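For reference, protein.cif is printed below; it contains mmCIF, C-alpha atoms.
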data_coords
loop_
_atom_site.group_PDB
_atom_site.id
_atom_site.type_symbol
_atom_site.label_atom_id
_atom_site.label_comp_id
_atom_site.auth_asym_id
_atom_site.auth_seq_id
_atom_site.Cartn_x
_atom_site.Cartn_y
_atom_site.Cartn_z
ATOM 1 C CA MET A 1 -87.710 47.393 66.385
ATOM 2 C CA ASP A 2 -85.871 45.255 68.938
ATOM 3 C CA LEU A 3 -84.276 42.294 67.117
ATOM 4 C CA SER A 4 -81.879 41.460 69.951
ATOM 5 C CA THR A 5 -81.267 37.856 70.964
ATOM 6 C CA THR A 6 -78.940 35.836 73.160
ATOM 7 C CA TYR A 7 -76.998 33.014 71.527
ATOM 8 C CA LEU A 8 -74.416 30.920 73.391
ATOM 9 C CA GLY A 9 -74.507 33.528 76.132
ATOM 10 C CA LEU A 10 -73.541 36.230 73.639
ATOM 11 C CA SER A 11 -75.804 39.285 73.484
ATOM 12 C CA LEU A 12 -76.433 39.953 69.792
ATOM 13 C CA PRO A 13 -78.297 42.850 68.130
ATOM 14 C CA HIS A 14 -80.144 40.338 65.918
ATOM 15 C CA PRO A 15 -79.865 36.606 65.108
ATOM 16 C CA LEU A 16 -78.371 36.819 61.600
ATOM 17 C CA MET A 17 -74.824 35.608 61.049
ATOM 18 C CA PRO A 18 -72.815 33.958 58.258
ATOM 19 C CA GLY A 19 -72.409 30.252 58.903
ATOM 20 C CA ALA A 20 -69.250 28.246 58.354
ATOM 21 C CA SER A 21 -68.011 28.927 54.820
ATOM 22 C CA PRO A 22 -64.954 30.048 52.805
ATOM 23 C CA LEU A 23 -66.171 33.659 53.068
ATOM 24 C CA VAL A 24 -63.951 34.178 56.125
ATOM 25 C CA ASP A 25 -60.787 33.390 54.143
ATOM 26 C CA ASP A 26 -60.894 36.839 52.515
ATOM 27 C CA MET A 27 -60.372 39.768 54.908
ATOM 28 C CA ASP A 28 -62.129 42.196 52.553
ATOM 29 C CA MET A 29 -65.118 39.852 52.587
ATOM 30 C CA VAL A 30 -64.984 39.689 56.390
ATOM 31 C CA LYS A 31 -65.167 43.493 56.530
ATOM 32 C CA ARG A 32 -68.110 43.452 54.127
ATOM 33 C CA LEU A 33 -69.886 40.960 56.378
ATOM 34 C CA GLU A 34 -69.439 43.283 59.339
ATOM 35 C CA ASP A 35 -70.534 46.292 57.278
ATOM 36 C CA ALA A 36 -73.650 44.373 56.234
ATOM 37 C CA GLY A 37 -74.493 43.983 59.910
ATOM 38 C CA ALA A 38 -73.501 40.397 60.726
ATOM 39 C CA ALA A 39 -74.274 39.825 64.413
ATOM 40 C CA ALA A 40 -71.417 37.304 64.662
ATOM 41 C CA ILE A 41 -69.130 35.456 62.262
ATOM 42 C CA VAL A 42 -68.713 31.677 62.208
ATOM 43 C CA MET A 43 -65.374 30.429 60.953
ATOM 44 C CA HIS A 44 -65.210 27.587 58.459
ATOM 45 C CA SER A 45 -64.296 24.297 60.067
ATOM 46 C CA LEU A 46 -60.787 23.186 60.920
ATOM 47 C CA PHE A 47 -60.889 19.523 59.936
ATOM 48 C CA GLU A 48 -59.313 16.685 61.856
ATOM 49 C CA GLU A 49 -57.628 15.616 58.614
ATOM 50 C CA GLN A 50 -55.814 18.975 58.521
ATOM 51 C CA ILE A 51 -54.601 18.510 62.089
ATOM 52 C CA THR A 52 -53.390 14.927 61.591
ATOM 53 C CA GLY A 53 -51.983 15.805 58.158
ATOM 54 C CA GLU A 54 -49.890 18.625 59.554
ATOM 55 C CA ARG A 55 -48.595 16.432 62.375
ATOM 56 C CA ALA A 56 -47.611 13.733 59.904
ATOM 57 C CA GLN A 57 -45.834 16.297 57.723
ATOM 58 C CA THR A 58 -43.951 17.716 60.710
ATOM 59 C CA LEU A 59 -42.881 14.222 61.800
ATOM 60 C CA HIS A 60 -41.660 13.481 58.271
ATOM 61 C CA GLN A 61 -39.652 16.701 58.208
ATOM 62 C CA ILE A 62 -38.046 15.890 61.567
ATOM 63 C CA GLU A 63 -37.131 12.364 60.518
ATOM 64 C CA THR A 64 -35.805 13.574 57.159
ATOM 65 C CA HIS A 65 -33.247 15.780 58.915
ATOM 66 C CA ALA A 66 -32.542 13.386 61.785
ATOM 67 C CA ASP A 67 -28.966 12.632 60.716
ATOM 68 C CA SER A 68 -28.060 16.030 59.269
ATOM 69 C CA PHE A 69 -25.755 17.111 62.102
ATOM 70 C CA SER A 70 -25.188 16.677 65.824
ATOM 71 C CA GLU A 71 -27.956 19.103 66.763
ATOM 72 C CA ALA A 72 -30.436 17.203 64.577
ATOM 73 C CA PRO A 73 -32.719 15.963 67.387
ATOM 74 C CA SER A 74 -33.662 19.559 68.177
ATOM 75 C CA TYR A 75 -33.780 20.714 64.560
ATOM 76 C CA PHE A 76 -37.124 21.651 63.022
ATOM 77 C CA PRO A 77 -37.070 22.817 59.410
ATOM 78 C CA ASP A 78 -38.721 26.133 58.719
ATOM 79 C CA ARG A 79 -42.427 25.828 57.980
ATOM 80 C CA PRO A 80 -43.815 27.493 54.858
ATOM 81 C CA GLU A 81 -45.290 30.929 55.398
ATOM 82 C CA VAL A 82 -48.463 30.004 53.532
ATOM 83 C CA SER A 83 -50.331 27.034 54.931
ATOM 84 C CA VAL A 84 -53.863 25.727 54.761
ATOM 85 C CA GLY A 85 -53.370 23.863 58.008
ATOM 86 C CA PRO A 86 -54.145 24.572 61.641
ATOM 87 C CA GLU A 87 -51.621 27.361 62.194
ATOM 88 C CA SER A 88 -52.992 29.495 59.372
ATOM 89 C CA TYR A 89 -56.483 28.853 60.718
ATOM 90 C CA LEU A 90 -55.504 30.167 64.143
ATOM 91 C CA GLU A 91 -53.754 33.144 62.581
ATOM 92 C CA GLN A 92 -56.867 33.965 60.575
ATOM 93 C CA ILE A 93 -58.907 34.046 63.787
ATOM 94 C CA ARG A 94 -56.403 36.502 65.240
ATOM 95 C CA ARG A 95 -56.557 38.693 62.141
ATOM 96 C CA ILE A 96 -60.356 38.713 62.099
ATOM 97 C CA LYS A 97 -60.544 39.513 65.818
ATOM 98 C CA ALA A 98 -58.200 42.428 65.272
ATOM 99 C CA THR A 99 -60.268 43.703 62.350
ATOM 100 C CA VAL A 100 -63.936 43.396 63.316
ATOM 101 C CA GLY A 101 -65.896 44.111 66.471
ATOM 102 C CA VAL A 102 -68.396 41.231 66.345
ATOM 103 C CA PRO A 103 -68.070 37.862 68.130
ATOM 104 C CA ILE A 104 -66.083 35.185 66.299
ATOM 105 C CA ILE A 105 -67.140 31.536 66.564
ATOM 106 C CA GLY A 106 -64.474 28.959 65.753
ATOM 107 C CA SER A 107 -65.332 25.557 64.286
ATOM 108 C CA LEU A 108 -63.782 22.126 64.650
ATOM 109 C CA ASN A 109 -64.787 19.160 62.500
ATOM 110 C CA GLY A 110 -63.677 15.665 63.435
ATOM 111 C CA THR A 111 -64.685 12.209 64.579
ATOM 112 C CA THR A 112 -62.183 11.289 67.309
ATOM 113 C CA ALA A 113 -60.736 12.896 70.410
ATOM 114 C CA THR A 114 -57.322 13.130 68.727
ATOM 115 C CA GLY A 115 -56.356 16.735 68.204
ATOM 116 C CA TRP A 116 -59.627 18.201 69.401
ATOM 117 C CA LEU A 117 -58.495 19.196 72.875
ATOM 118 C CA ASP A 118 -55.279 20.947 71.868
ATOM 119 C CA TYR A 119 -56.879 22.882 69.051
ATOM 120 C CA ALA A 120 -60.018 23.694 71.012
ATOM 121 C CA ARG A 121 -57.744 25.424 73.521
ATOM 122 C CA MET A 122 -55.718 27.088 70.754
ATOM 123 C CA ILE A 123 -58.859 28.421 69.089
ATOM 124 C CA GLN A 124 -59.857 29.939 72.403
ATOM 125 C CA GLN A 125 -56.381 31.402 72.900
ATOM 126 C CA ALA A 126 -56.493 32.864 69.377
ATOM 127 C CA GLY A 127 -59.449 34.962 70.490
ATOM 128 C CA ALA A 128 -62.580 33.058 69.473
ATOM 129 C CA ASP A 129 -65.612 34.003 71.553
ATOM 130 C CA ALA A 130 -67.234 30.583 71.154
ATOM 131 C CA LEU A 131 -66.591 27.222 69.522
ATOM 132 C CA GLU A 132 -68.725 25.081 67.245
ATOM 133 C CA LEU A 133 -68.061 21.320 67.208
ATOM 134 C CA ASN A 134 -69.169 19.966 63.849
ATOM 135 C CA PHE A 135 -69.984 16.270 64.161
ATOM 136 C CA TYR A 136 -70.044 15.250 60.502
ATOM 137 C CA VAL A 137 -70.154 11.470 60.813
ATOM 138 C CA VAL A 138 -71.231 8.901 58.242
ATOM 139 C CA ALA A 139 -71.375 5.505 59.967
ATOM 140 C CA THR A 140 -70.507 3.090 57.158
ATOM 141 C CA ASP A 141 -69.350 0.104 59.233
ATOM 142 C CA PRO A 142 -72.312 -2.297 59.647
ATOM 143 C CA ARG A 143 -70.726 -3.595 62.852
ATOM 144 C CA GLU A 144 -70.763 -0.147 64.482
ATOM 145 C CA GLN A 145 -73.824 0.279 66.677
ATOM 146 C CA GLY A 146 -75.782 3.503 66.878
ATOM 147 C CA HIS A 147 -75.144 4.070 70.562
ATOM 148 C CA ALA A 148 -71.392 3.846 69.936
ATOM 149 C CA VAL A 149 -71.594 6.698 67.402
ATOM 150 C CA GLU A 150 -73.536 8.820 69.882
ATOM 151 C CA GLN A 151 -71.200 7.960 72.756
ATOM 152 C CA GLN A 152 -68.203 9.038 70.719
ATOM 153 C CA ALA A 153 -69.764 12.458 70.212
ATOM 154 C CA LEU A 154 -70.696 12.706 73.887
ATOM 155 C CA ASP A 155 -67.145 11.823 74.938
ATOM 156 C CA ILE A 156 -65.647 14.457 72.636
ATOM 157 C CA LEU A 157 -68.008 17.141 73.921
ATOM 158 C CA SER A 158 -67.248 16.249 77.538
ATOM 159 C CA LYS A 159 -63.486 16.480 76.976
ATOM 160 C CA VAL A 160 -63.691 19.719 75.009
ATOM 161 C CA LYS A 161 -65.948 21.344 77.606
ATOM 162 C CA SER A 162 -63.458 20.464 80.328
ATOM 163 C CA SER A 163 -60.604 22.057 78.380
ATOM 164 C CA VAL A 164 -62.084 25.444 77.367
ATOM 165 C CA THR A 165 -64.015 28.197 79.099
ATOM 166 C CA ILE A 166 -65.721 29.723 76.042
ATOM 167 C CA PRO A 167 -69.246 28.557 75.093
ATOM 168 C CA VAL A 168 -69.433 25.389 72.990
ATOM 169 C CA ALA A 169 -72.136 24.615 70.430
ATOM 170 C CA VAL A 170 -72.599 21.253 68.748
ATOM 171 C CA LYS A 171 -73.467 21.162 65.047
ATOM 172 C CA LEU A 172 -75.387 17.999 64.262
ATOM 173 C CA SER A 173 -76.950 15.983 61.482
ATOM 174 C CA PRO A 174 -80.541 14.775 61.897
ATOM 175 C CA PHE A 175 -79.498 11.141 61.533
ATOM 176 C CA PHE A 176 -79.578 9.964 65.123
ATOM 177 C CA CYS A 177 -81.935 7.244 66.334
ATOM 178 C CA SER A 178 -83.648 9.275 69.075
ATOM 179 C CA PHE A 179 -82.610 12.799 68.257
ATOM 180 C CA ALA A 180 -84.468 14.561 71.091
ATOM 181 C CA HIS A 181 -82.909 12.245 73.690
ATOM 182 C CA PHE A 182 -79.452 12.696 72.188
ATOM 183 C CA ALA A 183 -79.892 16.481 72.219
ATOM 184 C CA SER A 184 -80.846 16.280 75.889
ATOM 185 C CA GLN A 185 -77.716 14.236 76.641
ATOM 186 C CA LEU A 186 -75.545 16.836 74.923
ATOM 187 C CA GLU A 187 -77.124 19.577 77.010
ATOM 188 C CA ASP A 188 -76.588 17.568 80.201
ATOM 189 C CA LEU A 189 -72.878 17.342 79.338
ATOM 190 C CA GLY A 190 -72.651 21.111 79.017
ATOM 191 C CA ALA A 191 -73.420 21.939 75.384
ATOM 192 C CA ASP A 192 -74.254 25.641 75.347
ATOM 193 C CA GLY A 193 -76.080 25.351 72.039
ATOM 194 C CA LEU A 194 -77.122 23.081 69.186
ATOM 195 C CA VAL A 195 -76.854 23.947 65.492
ATOM 196 C CA LEU A 196 -79.393 22.224 63.205
ATOM 197 C CA PHE A 197 -78.255 20.797 60.777
ATOM 198 C CA ASN A 198 -75.027 20.252 58.888
ATOM 199 C CA ARG A 199 -75.503 19.364 55.227
ATOM 200 C CA PHE A 200 -74.183 16.095 53.819
ATOM 201 C CA TYR A 201 -72.817 16.793 50.350
ATOM 202 C CA GLN A 202 -73.650 13.795 48.195
ATOM 203 C CA PRO A 203 -71.041 12.718 45.631
ATOM 204 C CA ASP A 204 -72.092 11.687 42.143
ATOM 205 C CA ILE A 205 -70.687 8.909 39.927
ATOM 206 C CA ASP A 206 -69.246 9.334 36.463
ATOM 207 C CA VAL A 207 -70.300 6.123 34.692
ATOM 208 C CA GLU A 208 -67.826 6.680 31.830
ATOM 209 C CA THR A 209 -64.673 7.186 33.885
ATOM 210 C CA LEU A 210 -65.908 5.104 36.864
ATOM 211 C CA GLU A 211 -64.927 7.891 39.222
ATOM 212 C CA VAL A 212 -66.635 9.496 42.169
ATOM 213 C CA VAL A 213 -67.405 13.131 41.338
ATOM 214 C CA PRO A 214 -67.888 15.756 44.060
ATOM 215 C CA ARG A 215 -71.050 17.821 43.650
ATOM 216 C CA LEU A 216 -71.668 21.079 45.479
ATOM 217 C CA GLN A 217 -75.285 22.158 45.455
ATOM 218 C CA LEU A 218 -76.323 25.238 47.375
ATOM 219 C CA SER A 219 -79.383 24.982 49.576
ATOM 220 C CA ASP A 220 -82.824 26.423 48.938
ATOM 221 C CA SER A 221 -85.706 27.251 51.270
ATOM 222 C CA SER A 222 -87.202 23.752 50.976
ATOM 223 C CA GLU A 223 -84.358 22.408 53.141
ATOM 224 C CA LEU A 224 -85.553 24.562 56.016
ATOM 225 C CA LEU A 225 -88.602 22.379 56.725
ATOM 226 C CA LEU A 226 -86.716 19.582 58.501
ATOM 227 C CA ARG A 227 -84.916 22.158 60.613
ATOM 228 C CA LEU A 228 -88.162 23.909 61.546
ATOM 229 C CA ARG A 229 -89.647 20.635 62.711
ATOM 230 C CA TRP A 230 -86.780 19.839 65.048
ATOM 231 C CA LEU A 231 -86.436 23.392 66.301
ATOM 232 C CA ALA A 232 -90.116 23.236 67.274
ATOM 233 C CA ILE A 233 -89.677 19.865 68.990
ATOM 234 C CA LEU A 234 -86.570 20.826 70.967
ATOM 235 C CA SER A 235 -87.504 24.399 71.830
ATOM 236 C CA GLY A 236 -89.327 24.496 75.140
ATOM 237 C CA HIS A 237 -87.569 21.348 76.346
ATOM 238 C CA LEU A 238 -83.935 22.492 76.243
ATOM 239 C CA ARG A 239 -82.215 25.391 77.990
ATOM 240 C CA ALA A 240 -79.378 25.435 75.440
ATOM 241 C CA SER A 241 -79.341 27.945 72.597
ATOM 242 C CA LEU A 242 -80.653 26.743 69.262
ATOM 243 C CA ALA A 243 -79.381 27.832 65.867
ATOM 244 C CA VAL A 244 -80.548 26.941 62.380
ATOM 245 C CA THR A 245 -78.311 26.525 59.346
ATOM 246 C CA GLY A 246 -79.340 25.330 55.905
ATOM 247 C CA GLY A 247 -82.246 26.587 53.851
ATOM 248 C CA VAL A 248 -82.403 30.170 55.132
ATOM 249 C CA HIS A 249 -82.731 32.539 52.167
ATOM 250 C CA THR A 250 -85.452 35.065 52.979
ATOM 251 C CA ALA A 251 -86.802 37.163 55.825
ATOM 252 C CA ILE A 252 -89.778 34.793 56.106
ATOM 253 C CA ASP A 253 -87.363 31.864 56.479
ATOM 254 C CA VAL A 254 -85.751 33.674 59.409
ATOM 255 C CA ILE A 255 -89.118 34.482 60.993
ATOM 256 C CA LYS A 256 -90.191 30.831 60.728
ATOM 257 C CA ALA A 257 -86.945 29.713 62.364
ATOM 258 C CA VAL A 258 -87.350 32.197 65.222
ATOM 259 C CA MET A 259 -91.013 31.253 65.751
ATOM 260 C CA THR A 260 -90.033 27.592 66.075
ATOM 261 C CA GLY A 261 -87.338 28.446 68.615
ATOM 262 C CA ALA A 262 -84.105 29.609 66.975
ATOM 263 C CA HIS A 263 -81.878 32.054 68.875
ATOM 264 C CA GLY A 264 -79.345 32.247 66.045
ATOM 265 C CA VAL A 265 -79.809 32.025 62.278
ATOM 266 C CA GLN A 266 -76.847 31.130 60.068
ATOM 267 C CA LEU A 267 -76.767 31.896 56.340
ATOM 268 C CA VAL A 268 -74.316 30.500 53.801
ATOM 269 C CA SER A 269 -75.843 29.730 50.402
ATOM 270 C CA ALA A 270 -77.789 33.013 50.345
ATOM 271 C CA LEU A 271 -74.563 34.950 50.942
ATOM 272 C CA LEU A 272 -72.597 32.955 48.378
ATOM 273 C CA GLN A 273 -75.298 33.649 45.789
ATOM 274 C CA HIS A 274 -76.089 37.278 46.565
ATOM 275 C CA GLY A 275 -73.110 38.583 48.556
ATOM 276 C CA PRO A 276 -72.791 39.774 52.160
ATOM 277 C CA GLU A 277 -75.260 42.616 51.579
ATOM 278 C CA ARG A 278 -78.018 40.011 51.587
ATOM 279 C CA LEU A 279 -77.751 40.072 55.386
ATOM 280 C CA LYS A 280 -78.812 43.699 55.511
ATOM 281 C CA THR A 281 -81.661 43.149 53.056
ATOM 282 C CA ILE A 282 -83.076 40.243 55.047
ATOM 283 C CA ARG A 283 -82.840 42.186 58.307
ATOM 284 C CA GLU A 284 -84.658 45.182 56.808
ATOM 285 C CA GLU A 285 -87.377 42.924 55.388
ATOM 286 C CA MET A 286 -87.784 41.290 58.802
ATOM 287 C CA VAL A 287 -88.341 44.659 60.437
ATOM 288 C CA ARG A 288 -90.982 45.601 57.861
ATOM 289 C CA TRP A 289 -92.834 42.311 58.317
ATOM 290 C CA MET A 290 -92.758 42.557 62.105
ATOM 291 C CA GLU A 291 -94.039 46.122 62.016
ATOM 292 C CA GLU A 292 -96.863 45.134 59.684
ATOM 293 C CA HIS A 293 -97.829 42.300 62.025
ATOM 294 C CA GLU A 294 -97.493 44.450 65.160
ATOM 295 C CA TYR A 295 -94.541 42.704 66.757
ATOM 296 C CA HIS A 296 -92.418 44.883 69.012
ATOM 297 C CA SER A 297 -89.446 42.560 69.517
ATOM 298 C CA LEU A 298 -87.900 39.351 68.305
ATOM 299 C CA ARG A 299 -88.320 37.778 71.736
ATOM 300 C CA GLN A 300 -92.072 38.269 71.422
ATOM 301 C CA MET A 301 -92.197 35.694 68.607
ATOM 302 C CA GLN A 302 -89.264 33.494 69.717
ATOM 303 C CA GLY A 303 -90.548 29.954 70.258
ATOM 304 C CA SER A 304 -94.176 30.975 69.724
ATOM 305 C CA MET A 305 -94.686 28.027 67.380
ATOM 306 C CA ASN A 306 -92.706 25.376 69.212
ATOM 307 C CA LEU A 307 -94.233 22.045 70.188
ATOM 308 C CA THR A 308 -95.331 23.188 73.631
ATOM 309 C CA ARG A 309 -97.203 26.195 72.213
ATOM 310 C CA CYS A 310 -98.245 24.999 68.775
ATOM 311 C CA PRO A 311 -102.032 24.798 68.272
ATOM 312 C CA ASP A 312 -101.584 21.442 66.486
ATOM 313 C CA PRO A 313 -98.661 19.567 68.090
ATOM 314 C CA ALA A 314 -99.525 16.319 66.321
ATOM 315 C CA ALA A 315 -98.802 17.996 62.998
ATOM 316 C CA LEU A 316 -95.218 18.445 64.124
ATOM 317 C CA GLU A 317 -94.805 15.179 66.027
ATOM 318 C CA ARG A 318 -95.739 12.949 63.096
ATOM 319 C CA ALA A 319 -95.097 15.500 60.343
ATOM 320 C CA ASN A 320 -98.857 15.542 59.668
ATOM 321 C CA TYR A 321 -98.266 12.434 57.579
ATOM 322 C CA VAL A 322 -101.791 11.424 56.573
ATOM 323 C CA ARG A 323 -103.022 14.962 55.939
ATOM 324 C CA VAL A 324 -100.022 15.758 53.741
ATOM 325 C CA LEU A 325 -100.493 12.622 51.662
ATOM 326 C CA GLN A 326 -104.164 13.419 51.122
ATOM 327 C CA SER A 327 -103.463 17.026 50.194
ATOM 328 C CA TRP A 328 -102.073 16.276 46.730
ATOM 329 C CA ARG A 329 -104.115 17.490 43.808
ATOM 330 C CA SER A 330 -103.047 16.831 40.218
#
Structure translated into structure tokens:
Amino acid sequence: MDLSTTYLGLSLPHPLMPGASPLVDDMDMVKRLEDAGAAAIVMHSLFEEQITGERAQTLHQIETHADSFSEAPSYFPDRPEVSVGPESYLEQIRRIKATVGVPIIGSLNGTTATGWLDYARMIQQAGADALELNFYVVATDPREQGHAVEQQALDILSKVKSSVTIPVAVKLSPFFCSFAHFASQLEDLGADGLVLFNRFYQPDIDVETLEVVPRLQLSDSSELLLRLRWLAILSGHLRASLAVTGGVHTAIDVIKAVMTGAHGVQLVSALLQHGPERLKTIREEMVRWMEEHEYHSLRQMQGSMNLTRCPDPAALERANYVRVLQSWRS
């Protein structure tokens, strides 16, 4: 069975890969991911806060020693060997590249142009085969207009694309006013792929202590539906690669994503729950299903249920609103 696909210009034996997660922090886990057949490995995000935090710490260290001795202006105190900041992130990319033979996709998460360009280049120099820009933005200022949020993302993409030569994907939330138009703008500016969608982790409130409490809830297959809808809408209209992340837990989930247009399928929660070997299980189950349904290759089904080829496009365009509401039976 031919499961091969092309994602971000990378020729992959199949579309399954671990998405951005802490799994890549452990080299033994990275090897297990490769052994399980991961087609590529996505690094967890390097956050803008880590970049600016490290710069602030370095500046503080310089100023602290400014009057130590005559050579002070050129004195930099030794940095700790263990760091959770940008340098350890780049070093981890180098270690992973030296250990595994699959493509490595770096990830940057931020909201401004500060720090993105330098570290985009450094991630490329560290050996990453592609880069994922994770636009995780919550617009809380009522004075900030929607087009300004979109323009900020477009400006960042344009600057990053001009500074690196590796493929660049943009990881998005679904919360843009005209998502299809925005996706088209990103492609026009050179985005090699779109990743649908990042998950917004909702904090809870402790009413006794009056504190905000972080809550981490892993996804389930129900979260895939929104992603399927937008994959189907965008596929057939964009040339850029499309990837899905969030809600992929089974072989059928993968098949649905591919049928609606996905070139790459990222798994996180399924791997955190069941371990890296889940990748192999899902791939084997995909092959069995495709054989039973007389498919010969992944490309044969890729995009077969997108908006341009769907037998009922209106069901996707308006989410089949009336029919769904009338379908409920107690």
7 Å contact set for range 188-203 of chain A, only C-alpha atoms, chain neighbours under 3 positions out, as a ChimeraX atom specification: /A:8,158,161,167-174,184-185,212-216,227,240-246
Surrounding residues of range 96-108 of chain A excluding itself and chain neighbours under 3 positions, 9 Å, all atoms listed in the file, as a PyMOL selection string: chain A and resi 10+12+20+24+27+30-31+34+38-48+91-93+116+119-120+123-124+126-135
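Of the listed residues (A:Glu150, A:Glu277, A:Asp204, A:Glu291), A:Asp204 comes nearest to Gln217 in chain A; the distances count all atoms listed in the file.
Interatomic distance, CA of Lys280 in chain A against CA of Thr5 in chain A: 16.7 Å.
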Residues matched by the PyMOL selection byres ((chain A and resi 287) around 12) as an MDAnalysis selection string: chainID A and resid 1:4 14 251:252 254:255 280:286 288:298
